[in-house]
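I have placed the structure first, in the form of C-alpha coordinates, so that the comments after it can refer back to it.
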Amino acid sequence: PKTMADQAFTLYDLRVETIAGDRPFVCSHEIGSAFEVRGENLHFETDRPFSLYALAAILPLLPAKQRQVGALDWMATDHVIACPDPHCGGRFRISRIGERSFDRSATTVEPLPSDNSWSA
(Lines give C-alpha, C1' and ligand atoms only; values in the text may rest on other atoms or scores of the structure.)
Protein backbone atom coordinates (compact mmCIF):
# COMPACT_ATOMS: atom_id res chain seq x y z
CA PRO A 1 0.00 0.00 0.00
CA LYS A 2 1.05 3.56 -0.69
CA THR A 3 2.06 5.80 2.21
CA MET A 4 0.61 9.28 2.73
CA ALA A 5 3.77 10.81 1.22
CA ASP A 6 3.32 8.66 -1.89
CA GLN A 7 -0.19 10.05 -2.33
CA ALA A 8 0.80 13.71 -2.44
CA PHE A 9 0.57 15.68 -5.66
CA THR A 10 1.36 19.25 -6.66
CA LEU A 11 -0.73 21.84 -8.48
CA TYR A 12 0.40 25.26 -9.61
CA ASP A 13 -1.33 28.37 -8.32
CA LEU A 14 -2.31 30.56 -11.27
CA ARG A 15 -2.98 34.23 -11.95
CA VAL A 16 -5.22 35.15 -14.89
CA GLU A 17 -4.85 38.81 -15.85
CA THR A 18 -6.44 40.95 -18.54
CA ILE A 19 -3.83 42.37 -20.92
CA ALA A 20 -4.04 44.46 -24.09
CA GLY A 21 -4.23 42.74 -27.44
CA ASP A 22 -3.58 44.09 -30.92
CA ARG A 23 -7.08 45.56 -31.27
CA PRO A 24 -9.36 47.66 -29.03
CA PHE A 25 -11.60 45.97 -26.50
CA VAL A 26 -15.22 45.50 -27.54
CA CYS A 27 -16.17 43.89 -24.24
CA SER A 28 -16.03 45.48 -20.79
CA HIS A 29 -12.53 44.20 -19.98
CA GLU A 30 -10.20 46.34 -17.86
CA ILE A 31 -6.45 45.98 -18.24
CA GLY A 32 -5.06 44.53 -15.04
CA SER A 33 -8.29 42.97 -13.76
CA ALA A 34 -7.41 39.49 -12.59
CA PHE A 35 -8.19 36.48 -10.47
CA GLU A 36 -6.10 33.72 -8.95
CA VAL A 37 -6.61 29.98 -8.89
CA ARG A 38 -5.46 28.28 -5.69
CA GLY A 39 -6.23 24.60 -5.65
CA GLU A 40 -9.85 24.29 -6.73
CA ASN A 41 -10.80 27.85 -5.76
CA LEU A 42 -11.02 31.09 -7.73
CA HIS A 43 -10.06 34.28 -5.86
CA PHE A 44 -11.28 37.51 -7.45
CA GLU A 45 -10.02 40.99 -6.67
CA THR A 46 -12.56 43.14 -4.87
CA ASP A 47 -14.60 45.45 -7.13
CA ARG A 48 -12.65 44.58 -10.29
CA PRO A 49 -14.79 43.18 -13.10
CA PHE A 50 -13.96 40.03 -15.01
CA SER A 51 -16.14 39.10 -17.96
CA LEU A 52 -18.41 36.09 -17.45
CA TYR A 53 -17.98 35.13 -21.11
CA ALA A 54 -14.18 35.34 -20.97
CA LEU A 55 -14.23 33.32 -17.75
CA ALA A 56 -16.35 30.64 -19.43
CA ALA A 57 -13.77 30.38 -22.24
CA ILE A 58 -10.78 30.24 -19.86
CA LEU A 59 -12.16 27.81 -17.25
CA PRO A 60 -11.59 24.58 -19.24
CA LEU A 61 -7.88 25.40 -19.59
CA LEU A 62 -7.14 26.06 -15.93
CA PRO A 63 -6.94 22.46 -14.59
CA ALA A 64 -4.41 21.61 -17.32
CA LYS A 65 -2.42 24.78 -16.62
CA GLN A 66 -2.24 23.79 -12.95
CA ARG A 67 -0.40 20.56 -13.80
CA GLN A 68 3.08 19.73 -15.02
CA VAL A 69 3.00 18.80 -18.71
CA GLY A 70 5.65 17.78 -21.23
CA ALA A 71 7.95 20.52 -22.53
CA LEU A 72 6.62 20.11 -26.09
CA ASP A 73 2.96 20.20 -25.06
CA TRP A 74 1.29 23.45 -26.17
CA MET A 75 -0.11 23.78 -22.63
CA ALA A 76 3.47 24.37 -21.45
CA THR A 77 4.08 27.29 -23.82
CA ASP A 78 0.83 29.03 -24.78
CA HIS A 79 -0.05 31.39 -21.93
CA VAL A 80 -2.14 34.09 -23.62
CA ILE A 81 -5.80 33.36 -24.35
CA ALA A 82 -8.00 35.49 -26.63
CA CYS A 83 -11.36 36.89 -25.67
CA PRO A 84 -14.07 34.61 -27.07
CA ASP A 85 -15.66 37.59 -28.89
CA PRO A 86 -13.96 37.53 -32.32
CA HIS A 87 -14.26 41.32 -32.59
CA CYS A 88 -12.57 42.04 -29.25
CA GLY A 89 -8.85 42.61 -28.77
CA GLY A 90 -8.88 41.48 -25.14
CA ARG A 91 -6.31 38.92 -24.07
CA PHE A 92 -5.80 37.02 -20.83
CA ARG A 93 -2.40 35.92 -19.58
CA ILE A 94 -2.24 32.78 -17.42
CA SER A 95 0.84 32.77 -15.16
CA ARG A 96 2.04 30.21 -12.68
CA ILE A 97 2.65 32.02 -9.41
CA GLY A 98 3.36 29.23 -6.92
CA GLU A 99 2.98 25.58 -6.06
CA ARG A 100 0.73 23.84 -3.61
CA SER A 101 0.83 20.21 -2.42
CA PHE A 102 -2.30 18.17 -1.84
CA ASP A 103 -2.95 14.80 -0.30
CA ARG A 104 -4.97 12.55 -2.57
CA SER A 105 -7.18 11.34 0.28
CA ALA A 106 -8.24 14.93 0.97
CA THR A 107 -9.39 15.42 -2.63
CA THR A 108 -11.17 12.18 -3.53
CA VAL A 109 -12.70 9.08 -2.01
CA GLU A 110 -11.92 7.00 -5.10
CA PRO A 111 -9.24 4.40 -4.27
CA LEU A 112 -6.17 3.97 -6.43
CA PRO A 113 -6.38 0.96 -8.76
CA SER A 114 -4.68 -2.03 -7.19
CA ASP A 115 -2.88 -2.91 -10.44
CA ASN A 116 -0.95 0.43 -10.50
CA SER A 117 -2.33 1.22 -13.96
CA TRP A 118 -2.70 4.84 -12.77
CA SER A 119 1.06 5.37 -12.64
CA ALA A 120 1.73 4.70 -16.33
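We label chains A, B, ... in the order they appear in the C-alpha coordinates, count residues from 1 in each chain, and number ligands from 1 in the order shown.
The environment of Cys83 of chain A within 8 Å, counting only C-alpha atoms and disregarding residues fewer than 4 places along the same chain, consists of Ala54, Ala57, Cys88, Gly89, Gly90, Arg91 and Phe92 of chain A.
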*Point out the residue among A:Ile19, A:Ala34, A:Ile81, A:Leu62 with the least atom-to-atom distance to Thr46 of chain A, counting only C-alpha atoms.*
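Ranking A:Ile19, A:Ala34, A:Ile81, A:Leu62 by distance to Thr46 of chain A, first place goes to A:Ala34.
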_Using only C-alpha atoms: which of A:Asp6, A:Tyr53, A:Pro111, A:Leu11 has the shortest distance to Val69 of chain A_ =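 Closest candidate: A:Leu11.
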*Would you return as a PyMOL selection string the members of chain A that DSSP assigns to alpha helix (DSSP H) on this structure's backbone?*
chain A and resi 52-58+62-65
File dump, residues just selected, N, CA, C and O atoms, as a PDB file, in the first residue's frame:
```pdb
ATOM      1  N   LEU A  52     -17.841  37.435 -17.575  1.00  0.00           N
ATOM      2  CA  LEU A  52     -18.410  36.095 -17.450  1.00  0.00           C
ATOM      3  C   LEU A  52     -18.107  35.261 -18.692  1.00  0.00           C
ATOM      4  O   LEU A  52     -17.783  34.076 -18.599  1.00  0.00           O
ATOM      5  N   TYR A  53     -18.184  35.859 -19.867  1.00  0.00           N
ATOM      6  CA  TYR A  53     -17.977  35.130 -21.111  1.00  0.00           C
ATOM      7  C   TYR A  53     -16.507  34.768 -21.296  1.00  0.00           C
ATOM      8  O   TYR A  53     -16.185  33.665 -21.750  1.00  0.00           O
ATOM      9  N   ALA A  54     -15.612  35.662 -20.928  1.00  0.00           N
ATOM     10  CA  ALA A  54     -14.185  35.337 -20.973  1.00  0.00           C
ATOM     11  C   ALA A  54     -13.871  34.237 -19.964  1.00  0.00           C
ATOM     12  O   ALA A  54     -13.129  33.294 -20.260  1.00  0.00           O
ATOM     13  N   LEU A  55     -14.445  34.338 -18.773  1.00  0.00           N
ATOM     14  CA  LEU A  55     -14.229  33.321 -17.753  1.00  0.00           C
ATOM     15  C   LEU A  55     -14.682  31.950 -18.248  1.00  0.00           C
ATOM     16  O   LEU A  55     -13.989  30.945 -18.070  1.00  0.00           O
ATOM     17  N   ALA A  56     -15.830  31.903 -18.906  1.00  0.00           N
ATOM     18  CA  ALA A  56     -16.349  30.640 -19.430  1.00  0.00           C
ATOM     19  C   ALA A  56     -15.394  30.033 -20.464  1.00  0.00           C
ATOM     20  O   ALA A  56     -15.251  28.811 -20.532  1.00  0.00           O
ATOM     21  N   ALA A  57     -14.715  30.874 -21.239  1.00  0.00           N
ATOM     22  CA  ALA A  57     -13.768  30.384 -22.241  1.00  0.00           C
ATOM     23  C   ALA A  57     -12.460  29.916 -21.612  1.00  0.00           C
ATOM     24  O   ALA A  57     -11.826  28.975 -22.091  1.00  0.00           O
ATOM     25  N   ILE A  58     -12.061  30.537 -20.522  1.00  0.00           N
ATOM     26  CA  ILE A  58     -10.784  30.238 -19.865  1.00  0.00           C
ATOM     27  C   ILE A  58     -10.881  29.032 -18.933  1.00  0.00           C
ATOM     28  O   ILE A  58      -9.938  28.254 -18.805  1.00  0.00           O
ATOM     29  N   LEU A  62      -7.816  25.870 -17.208  1.00  0.00           N
ATOM     30  CA  LEU A  62      -7.143  26.058 -15.926  1.00  0.00           C
ATOM     31  C   LEU A  62      -6.668  24.762 -15.268  1.00  0.00           C
ATOM     32  O   LEU A  62      -5.531  24.718 -14.778  1.00  0.00           O
ATOM     33  N   PRO A  63      -7.460  23.689 -15.206  1.00  0.00           N
ATOM     34  CA  PRO A  63      -6.936  22.463 -14.590  1.00  0.00           C
ATOM     35  C   PRO A  63      -5.678  21.931 -15.285  1.00  0.00           C
ATOM     36  O   PRO A  63      -4.769  21.433 -14.629  1.00  0.00           O
ATOM     37  N   ALA A  64      -5.613  22.053 -16.603  1.00  0.00           N
ATOM     38  CA  ALA A  64      -4.408  21.611 -17.317  1.00  0.00           C
ATOM     39  C   ALA A  64      -3.228  22.531 -17.020  1.00  0.00           C
ATOM     40  O   ALA A  64      -2.099  22.071 -16.869  1.00  0.00           O
ATOM     41  N   LYS A  65      -3.484  23.833 -16.924  1.00  0.00           N
ATOM     42  CA  LYS A  65      -2.416  24.784 -16.622  1.00  0.00           C
ATOM     43  C   LYS A  65      -1.883  24.595 -15.204  1.00  0.00           C
ATOM     44  O   LYS A  65      -0.752  24.977 -14.905  1.00  0.00           O
TER      45      LYS A  65
END
```
As a PDB file with N, CA and C atoms, in the first residue's frame, please: every residue in segment 22-101 of chain A that DSSP puts in strand (DSSP E).
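Listing of out28.pdb after writing:
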```pdb
ATOM      1  N   ALA A  34      -7.985  40.824 -12.683  1.00  0.00           N
ATOM      2  CA  ALA A  34      -7.412  39.490 -12.591  1.00  0.00           C
ATOM      3  C   ALA A  34      -8.117  38.663 -11.532  1.00  0.00           C
ATOM      4  N   PHE A  35      -7.811  37.384 -11.554  1.00  0.00           N
ATOM      5  CA  PHE A  35      -8.187  36.482 -10.471  1.00  0.00           C
ATOM      6  C   PHE A  35      -7.087  35.460 -10.333  1.00  0.00           C
ATOM      7  N   GLU A  36      -7.075  34.775  -9.195  1.00  0.00           N
ATOM      8  CA  GLU A  36      -6.101  33.725  -8.950  1.00  0.00           C
ATOM      9  C   GLU A  36      -6.819  32.401  -8.756  1.00  0.00           C
ATOM     10  N   VAL A  37      -6.129  31.340  -9.109  1.00  0.00           N
ATOM     11  CA  VAL A  37      -6.607  29.977  -8.892  1.00  0.00           C
ATOM     12  C   VAL A  37      -5.669  29.351  -7.871  1.00  0.00           C
ATOM     13  N   ARG A  38      -6.233  28.954  -6.746  1.00  0.00           N
ATOM     14  CA  ARG A  38      -5.460  28.283  -5.690  1.00  0.00           C
ATOM     15  C   ARG A  38      -6.179  26.976  -5.379  1.00  0.00           C
ATOM     16  N   ASN A  41     -10.057  26.618  -6.007  1.00  0.00           N
ATOM     17  CA  ASN A  41     -10.805  27.851  -5.756  1.00  0.00           C
ATOM     18  C   ASN A  41     -10.330  29.027  -6.601  1.00  0.00           C
ATOM     19  N   LEU A  42     -11.294  29.836  -7.024  1.00  0.00           N
ATOM     20  CA  LEU A  42     -11.018  31.092  -7.727  1.00  0.00           C
ATOM     21  C   LEU A  42     -11.087  32.231  -6.706  1.00  0.00           C
ATOM     22  N   HIS A  43     -10.117  33.127  -6.769  1.00  0.00           N
ATOM     23  CA  HIS A  43     -10.063  34.278  -5.862  1.00  0.00           C
ATOM     24  C   HIS A  43     -10.055  35.539  -6.720  1.00  0.00           C
ATOM     25  N   PHE A  44     -11.143  36.292  -6.663  1.00  0.00           N
ATOM     26  CA  PHE A  44     -11.283  37.512  -7.454  1.00  0.00           C
ATOM     27  C   PHE A  44     -10.882  38.722  -6.634  1.00  0.00           C
ATOM     28  N   VAL A  80      -1.236  32.972 -23.355  1.00  0.00           N
ATOM     29  CA  VAL A  80      -2.142  34.090 -23.617  1.00  0.00           C
ATOM     30  C   VAL A  80      -3.360  33.569 -24.377  1.00  0.00           C
ATOM     31  N   ILE A  81      -4.539  33.850 -23.812  1.00  0.00           N
ATOM     32  CA  ILE A  81      -5.804  33.361 -24.355  1.00  0.00           C
ATOM     33  C   ILE A  81      -6.600  34.558 -24.883  1.00  0.00           C
ATOM     34  N   ALA A  82      -7.215  34.407 -26.032  1.00  0.00           N
ATOM     35  CA  ALA A  82      -7.995  35.491 -26.630  1.00  0.00           C
ATOM     36  C   ALA A  82      -9.396  35.546 -26.048  1.00  0.00           C
ATOM     37  N   ARG A  91      -7.110  40.120 -24.255  1.00  0.00           N
ATOM     38  CA  ARG A  91      -6.306  38.916 -24.070  1.00  0.00           C
ATOM     39  C   ARG A  91      -6.158  38.666 -22.576  1.00  0.00           C
ATOM     40  N   PHE A  92      -5.906  37.412 -22.228  1.00  0.00           N
ATOM     41  CA  PHE A  92      -5.805  37.015 -20.829  1.00  0.00           C
ATOM     42  C   PHE A  92      -4.559  36.159 -20.660  1.00  0.00           C
ATOM     43  N   ARG A  93      -3.648  36.640 -19.833  1.00  0.00           N
ATOM     44  CA  ARG A  93      -2.396  35.921 -19.585  1.00  0.00           C
ATOM     45  C   ARG A  93      -2.562  35.025 -18.361  1.00  0.00           C
ATOM     46  N   ILE A  94      -2.210  33.745 -18.521  1.00  0.00           N
ATOM     47  CA  ILE A  94      -2.244  32.784 -17.423  1.00  0.00           C
ATOM     48  C   ILE A  94      -0.801  32.563 -16.970  1.00  0.00           C
ATOM     49  N   SER A  95      -0.515  32.908 -15.718  1.00  0.00           N
ATOM     50  CA  SER A  95       0.836  32.773 -15.162  1.00  0.00           C
ATOM     51  C   SER A  95       0.819  31.832 -13.975  1.00  0.00           C
ATOM     52  N   ARG A  96       1.856  31.038 -13.873  1.00  0.00           N
ATOM     53  CA  ARG A  96       2.044  30.205 -12.678  1.00  0.00           C
ATOM     54  C   ARG A  96       2.718  31.067 -11.620  1.00  0.00           C
ATOM     55  N   ILE A  97       2.123  31.121 -10.439  1.00  0.00           N
ATOM     56  CA  ILE A  97       2.647  32.019  -9.407  1.00  0.00           C
ATOM     57  C   ILE A  97       3.089  31.289  -8.146  1.00  0.00           C
ATOM     58  N   GLY A  98       2.953  29.992  -8.095  1.00  0.00           N
ATOM     59  CA  GLY A  98       3.358  29.229  -6.920  1.00  0.00           C
ATOM     60  C   GLY A  98       2.975  27.779  -7.078  1.00  0.00           C
ATOM     61  N   GLU A  99       3.329  26.994  -6.086  1.00  0.00           N
ATOM     62  CA  GLU A  99       2.980  25.576  -6.064  1.00  0.00           C
ATOM     63  C   GLU A  99       2.314  25.246  -4.746  1.00  0.00           C
ATOM     64  N   ARG A 100       1.458  24.259  -4.791  1.00  0.00           N
ATOM     65  CA  ARG A 100       0.728  23.837  -3.607  1.00  0.00           C
ATOM     66  C   ARG A 100       0.621  22.311  -3.638  1.00  0.00           C
ATOM     67  N   SER A 101       0.919  21.664  -2.515  1.00  0.00           N
ATOM     68  CA  SER A 101       0.826  20.206  -2.421  1.00  0.00           C
ATOM     69  C   SER A 101      -0.513  19.807  -1.820  1.00  0.00           C
TER      70      SER A 101
END
```
*Do you know which residues are at most 9 Å from His87 of chain A counting only C-alpha atoms, after dropping those on the same chain fewer than 6 positions away, and could you put them as a PyMOL selection string?*
chain A and resi 23-27
N, CA and C atoms of the current selection, written as a JSON list (two decimals), in the first residue's frame:
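Heads up, here's the output in result_24.json:
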```json
[["chain", "number", "residue", "atom", "x", "y", "z"],
["A", 23, "ARG", "N", -5.91, 44.79, -30.85],
["A", 23, "ARG", "CA", -7.08, 45.56, -31.27],
["A", 23, "ARG", "C", -7.76, 46.11, -30.03],
["A", 24, "PRO", "N", -8.63, 47.11, -30.20],
["A", 24, "PRO", "CA", -9.36, 47.66, -29.03],
["A", 24, "PRO", "C", -10.30, 46.62, -28.42],
["A", 25, "PHE", "N", -10.62, 46.83, -27.17],
["A", 25, "PHE", "CA", -11.60, 45.97, -26.50],
["A", 25, "PHE", "C", -12.99, 46.33, -27.01],
["A", 26, "VAL", "N", -13.81, 45.32, -27.23],
["A", 26, "VAL", "CA", -15.22, 45.50, -27.54],
["A", 26, "VAL", "C", -16.02, 45.21, -26.27],
["A", 27, "CYS", "N", -15.51, 44.30, -25.48],
["A", 27, "CYS", "CA", -16.17, 43.89, -24.24],
["A", 27, "CYS", "C", -15.76, 44.84, -23.11]]
```
*Counting only C-alpha atoms, the option among A:Ala20, A:Leu61, A:Leu14, A:Ala8 closest to Asp103 of chain A*: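 Looking only at the distances to Asp103 of chain A, the closest residue turns out to be A:Ala8.
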*Between A:Gln66, A:Ser114, A:Ser51, A:Ser33, which is the closest to Pro84 of chain A once you count only C-alpha atoms?*
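With only C-alpha atoms as the atom set, the closest residue is A:Ser51.
For the pair atom CA of Gln7 of chain A and atom CA of Phe102 of chain A, the interatomic distance is 8.4 Å.
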